[in-house]
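All remarks here apply to the structure that follows.
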Amino acid sequence: MRPKYVSGIVIALSAILLSGMILTASSPITSGDVPPAVFRGEKIIYSVSPAGKAEYEDMGLVERQGKTYWHVTFRTKLAGFSDLEEIYADPETGMPLIVERHISWPLTKEHLVEEYDPQNNSLVVKKYADEKVSDEYKYKSNSPYHNAVLLPFSLRRIDGLEVGWSTVIRLQEEFTVTLTGIEEIKVNDRKVTAYHFTSKPDKFEIWVSKDKDRLPVLIKGTVGCSLSLQSHSSGQ
């Protein structure tokens with residue numbers, strides 16, 4: 001049986017996105033005209049309930065092995081656990097291409113590399129030990145694989161959002177994510193007008209600010225865990 005390699009954001013939310021750093025979208029949620037470079041230098045810190053912190057940072061465009069990538073980091077810290085994800089995505093579509101993960105547990109560390117191939121709807125996950133591949137897992141779907149960390153941030157790239165907009169994604173099961181409303185919510189004592197996205201089956205909710213920044217300000221799971229925006233600093 002293939003292991004369920006869980007991303008830091010998923011562990012932090014204790015299954016808000018259930019079991020996967022891996023998800024698929026039936027249609028890529030990258031239809032906006034907002035290039036990733038717009039947010040270069042942006043840093044967002046989230047508080048994780050019940051106890052923890054997560055930090056998202058946009059590193060802008062970088063060169064890696066002769067190719068240009070949009071580079072994002074996401075670091076999660078909980079008691080006895082930390083996960084640093086170095087995400088390299090397509091600058092045009094925002095779809096993930098390479099993800100390097102450095103995971104620390106109390107008695108062990110892990111290094112994983114995820115290699116995405118959107119054109120062939122495939123993904124290879126490699127686990128390293130002593131700088132050598134110790135395990136390799138191959139995945140195939142009928143649509144391109146996405147990355148769970150990028151999911152809330154992908155929603156900010158959609159132009160012309162209207163209530164009723166929806167897309168289908170797949171983790172260990174299939175979900176329909178729908179924009180169900182625009183509402184005012186309170187996030188860390190601050191009122192925010194936000195787009196409210198829900199999932200069917202009912203397992204998670206995402207709120208994205210309805211302003212020029214389009215910040216994912218709150219993510220909730222039906223198990224009672226949440227990730228809420230603590231601070232935001234724009235880059236350029």
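Scheme for the structure tokens: letters A, B, ... for chains in order shown; per-chain residue numbers from 1; ligand numbers from 1 in order shown.
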
Secondary structure check, helix (DSSP H, G or I) residues of region 82-223 of chain A, as a ChimeraX atom specification: /A:118-120,150-157

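Our summary of the geometry notes that CA of Ile44 (chain A) is positioned 15.5 Å from CA of Arg190 (chain A).
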
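Of the listed residues A:Lys53, A:Tyr69, A:Gln230, A:Ile98, the one whose atoms come nearest to Lys186 (chain A) is A:Gln230, with distances taken using only C-alpha atoms.
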
Option closest in space to Pro106 (chain A), from A:Ala79, A:Glu55, A:Gln119, A:Pro91 [counting only C-alpha atoms]: A:Ala79

Just list the residues in region 127-206 of chain A DSSP gives strand (DSSP E) on the backbone, as a tab-separated table (two decimals) with N, CA, C and O atoms, in the first residue's frame.
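Wrote out.tsv, looks like this:
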```tsv
chain	number	residue	atom	x	y	z
A	127	LYS	N	11.60	9.21	-1.76
A	127	LYS	CA	12.07	9.37	-0.39
A	127	LYS	C	13.56	9.10	-0.36
A	127	LYS	O	14.03	8.09	-0.91
A	128	TYR	N	14.32	10.01	0.26
A	128	TYR	CA	15.77	9.91	0.27
A	128	TYR	C	16.30	9.52	1.65
A	128	TYR	O	15.76	9.95	2.69
A	129	ALA	N	17.35	8.71	1.65
A	129	ALA	CA	18.08	8.36	2.86
A	129	ALA	C	19.56	8.38	2.51
A	129	ALA	O	19.98	7.74	1.54
A	132	LYS	N	20.43	9.16	-1.06
A	132	LYS	CA	20.08	8.18	-2.08
A	132	LYS	C	18.60	7.87	-2.00
A	132	LYS	O	18.00	7.91	-0.92
A	133	VAL	N	17.99	7.55	-3.15
A	133	VAL	CA	16.58	7.22	-3.17
A	133	VAL	C	16.35	5.88	-2.48
A	133	VAL	O	16.90	4.86	-2.88
A	134	SER	N	15.54	5.90	-1.41
A	134	SER	CA	15.26	4.67	-0.67
A	134	SER	C	13.89	4.09	-1.03
A	134	SER	O	13.67	2.89	-0.92
A	135	ASP	N	12.96	4.96	-1.42
A	135	ASP	CA	11.63	4.51	-1.84
A	135	ASP	C	11.13	5.43	-2.95
A	135	ASP	O	11.47	6.62	-2.98
A	136	GLU	N	10.32	4.88	-3.82
A	136	GLU	CA	9.75	5.67	-4.91
A	136	GLU	C	8.31	5.24	-5.15
A	136	GLU	O	8.01	4.05	-5.20
A	137	TYR	N	7.42	6.22	-5.26
A	137	TYR	CA	6.00	5.94	-5.43
A	137	TYR	C	5.48	6.71	-6.63
A	137	TYR	O	5.72	7.91	-6.75
A	138	LYS	N	4.76	6.01	-7.53
A	138	LYS	CA	4.27	6.63	-8.75
A	138	LYS	C	2.75	6.69	-8.73
A	138	LYS	O	2.08	5.75	-8.33
A	139	TYR	N	2.23	7.87	-9.15
A	139	TYR	CA	0.79	8.10	-9.15
A	139	TYR	C	0.35	8.54	-10.55
A	139	TYR	O	1.08	9.24	-11.24
A	140	LYS	N	-0.85	8.13	-10.92
A	140	LYS	CA	-1.40	8.49	-12.23
A	140	LYS	C	-2.88	8.82	-12.06
A	140	LYS	O	-3.59	8.16	-11.31
A	145	TYR	N	-2.07	16.72	-11.29
A	145	TYR	CA	-1.98	16.77	-9.84
A	145	TYR	C	-1.69	18.18	-9.37
A	145	TYR	O	-0.90	18.90	-9.99
A	146	HIS	N	-2.31	18.55	-8.27
A	146	HIS	CA	-2.08	19.84	-7.65
A	146	HIS	C	-1.34	19.59	-6.35
A	146	HIS	O	-1.06	18.45	-5.97
A	147	ASN	N	-1.01	20.67	-5.65
A	147	ASN	CA	-0.36	20.58	-4.34
A	147	ASN	C	-1.26	21.22	-3.31
A	147	ASN	O	-1.79	22.32	-3.53
A	166	SER	N	-17.53	26.82	-9.19
A	166	SER	CA	-17.09	25.57	-8.55
A	166	SER	C	-16.07	24.84	-9.40
A	166	SER	O	-15.95	25.11	-10.61
A	167	THR	N	-15.35	23.95	-8.77
A	167	THR	CA	-14.41	23.08	-9.47
A	167	THR	C	-14.34	21.78	-8.69
A	167	THR	O	-14.71	21.72	-7.51
A	168	VAL	N	-13.88	20.74	-9.35
A	168	VAL	CA	-13.78	19.42	-8.71
A	168	VAL	C	-12.32	19.10	-8.45
A	168	VAL	O	-11.47	19.27	-9.33
A	169	ILE	N	-12.00	18.66	-7.23
A	169	ILE	CA	-10.64	18.26	-6.87
A	169	ILE	C	-10.68	16.85	-6.30
A	169	ILE	O	-11.74	16.35	-5.92
A	170	ARG	N	-9.51	16.21	-6.29
A	170	ARG	CA	-9.46	14.86	-5.73
A	170	ARG	C	-8.31	14.74	-4.74
A	170	ARG	O	-7.18	15.09	-5.03
A	174	GLU	N	-13.19	12.35	-4.04
A	174	GLU	CA	-13.46	13.50	-4.88
A	174	GLU	C	-14.29	14.54	-4.12
A	174	GLU	O	-15.20	14.21	-3.38
A	175	PHE	N	-13.93	15.81	-4.32
A	175	PHE	CA	-14.65	16.91	-3.70
A	175	PHE	C	-15.04	17.93	-4.77
A	175	PHE	O	-14.31	18.15	-5.72
A	176	THR	N	-16.18	18.56	-4.56
A	176	THR	CA	-16.55	19.74	-5.32
A	176	THR	C	-16.36	20.95	-4.42
A	176	THR	O	-16.94	21.01	-3.33
A	177	VAL	N	-15.52	21.90	-4.85
A	177	VAL	CA	-15.28	23.12	-4.09
A	177	VAL	C	-16.11	24.23	-4.75
A	177	VAL	O	-15.97	24.47	-5.94
A	178	THR	N	-16.96	24.88	-3.96
A	178	THR	CA	-17.90	25.86	-4.49
A	178	THR	C	-17.81	27.18	-3.73
A	178	THR	O	-17.66	27.19	-2.50
A	179	LEU	N	-17.87	28.28	-4.47
A	179	LEU	CA	-17.98	29.60	-3.85
A	179	LEU	C	-19.45	29.77	-3.46
A	179	LEU	O	-20.31	30.01	-4.30
A	180	THR	N	-19.72	29.65	-2.16
A	180	THR	CA	-21.11	29.65	-1.69
A	180	THR	C	-21.59	31.01	-1.23
A	180	THR	O	-22.79	31.22	-1.04
A	181	GLY	N	-20.67	31.97	-1.03
A	181	GLY	CA	-21.12	33.27	-0.60
A	181	GLY	C	-19.99	34.25	-0.39
A	181	GLY	O	-18.80	33.89	-0.45
A	182	ILE	N	-20.36	35.49	-0.15
A	182	ILE	CA	-19.41	36.54	0.21
A	182	ILE	C	-19.90	37.09	1.54
A	182	ILE	O	-21.06	37.52	1.66
A	183	GLU	N	-19.06	37.04	2.56
A	183	GLU	CA	-19.51	37.38	3.90
A	183	GLU	C	-18.44	38.08	4.71
A	183	GLU	O	-17.25	38.02	4.37
A	184	GLU	N	-18.87	38.72	5.78
A	184	GLU	CA	-17.93	39.37	6.70
A	184	GLU	C	-17.65	38.43	7.86
A	184	GLU	O	-18.58	37.94	8.51
A	185	ILE	N	-16.36	38.16	8.08
A	185	ILE	CA	-15.97	37.27	9.17
A	185	ILE	C	-14.95	37.97	10.07
A	185	ILE	O	-14.39	39.00	9.70
A	186	LYS	N	-14.72	37.39	11.23
A	186	LYS	CA	-13.75	37.94	12.16
A	186	LYS	C	-12.55	37.02	12.23
A	186	LYS	O	-12.69	35.83	12.53
A	187	VAL	N	-11.38	37.54	11.92
A	187	VAL	CA	-10.15	36.76	11.95
A	187	VAL	C	-9.16	37.46	12.86
A	187	VAL	O	-8.68	38.55	12.56
A	190	ARG	N	-10.09	40.95	13.71
A	190	ARG	CA	-10.17	41.87	12.58
A	190	ARG	C	-11.30	41.43	11.65
A	190	ARG	O	-11.40	40.25	11.32
A	191	LYS	N	-12.16	42.36	11.26
A	191	LYS	CA	-13.25	42.04	10.37
A	191	LYS	C	-12.76	42.01	8.91
A	191	LYS	O	-12.05	42.91	8.48
A	192	VAL	N	-13.14	40.97	8.20
A	192	VAL	CA	-12.69	40.79	6.83
A	192	VAL	C	-13.88	40.39	5.96
A	192	VAL	O	-14.67	39.52	6.33
A	193	THR	N	-14.03	41.04	4.81
A	193	THR	CA	-15.01	40.61	3.82
A	193	THR	C	-14.34	39.57	2.94
A	193	THR	O	-13.27	39.82	2.37
A	194	ALA	N	-14.94	38.39	2.86
A	194	ALA	CA	-14.23	37.28	2.22
A	194	ALA	C	-15.15	36.43	1.35
A	194	ALA	O	-16.35	36.30	1.60
A	195	TYR	N	-14.53	35.83	0.30
A	195	TYR	CA	-15.18	34.79	-0.47
A	195	TYR	C	-15.19	33.53	0.39
A	195	TYR	O	-14.17	33.15	0.96
A	196	HIS	N	-16.32	32.86	0.45
A	196	HIS	CA	-16.45	31.65	1.27
A	196	HIS	C	-16.60	30.43	0.37
A	196	HIS	O	-17.59	30.30	-0.36
A	197	PHE	N	-15.59	29.55	0.41
A	197	PHE	CA	-15.61	28.32	-0.37
A	197	PHE	C	-15.90	27.13	0.54
A	197	PHE	O	-15.33	27.03	1.63
A	198	THR	N	-16.77	26.25	0.09
A	198	THR	CA	-17.08	25.05	0.86
A	198	THR	C	-16.84	23.82	0.01
A	198	THR	O	-16.71	23.91	-1.22
A	199	SER	N	-16.76	22.67	0.67
A	199	SER	CA	-16.51	21.43	-0.06
A	199	SER	C	-17.70	20.49	0.07
A	199	SER	O	-18.45	20.53	1.05
A	200	LYS	N	-17.86	19.66	-0.92
A	200	LYS	CA	-18.86	18.60	-0.89
A	200	LYS	C	-18.19	17.31	-1.30
A	200	LYS	O	-17.66	17.24	-2.43
A	204	PHE	N	-14.17	20.63	4.57
A	204	PHE	CA	-13.35	21.81	4.83
A	204	PHE	C	-13.99	23.06	4.22
A	204	PHE	O	-14.83	22.97	3.33
A	205	GLU	N	-13.57	24.21	4.73
A	205	GLU	CA	-14.02	25.51	4.24
A	205	GLU	C	-12.81	26.44	4.11
A	205	GLU	O	-11.89	26.36	4.92
A	206	ILE	N	-12.83	27.31	3.12
A	206	ILE	CA	-11.75	28.26	2.89
A	206	ILE	C	-12.35	29.64	2.68
A	206	ILE	O	-13.30	29.80	1.92
```

Contacts of Pro118 (chain A) within 9 Å, only C-alpha atoms, excl. fewer than 2 positions in-chain, as an MDAnalysis selection string: chainID A and resid 95:97 116 120:123 143:146
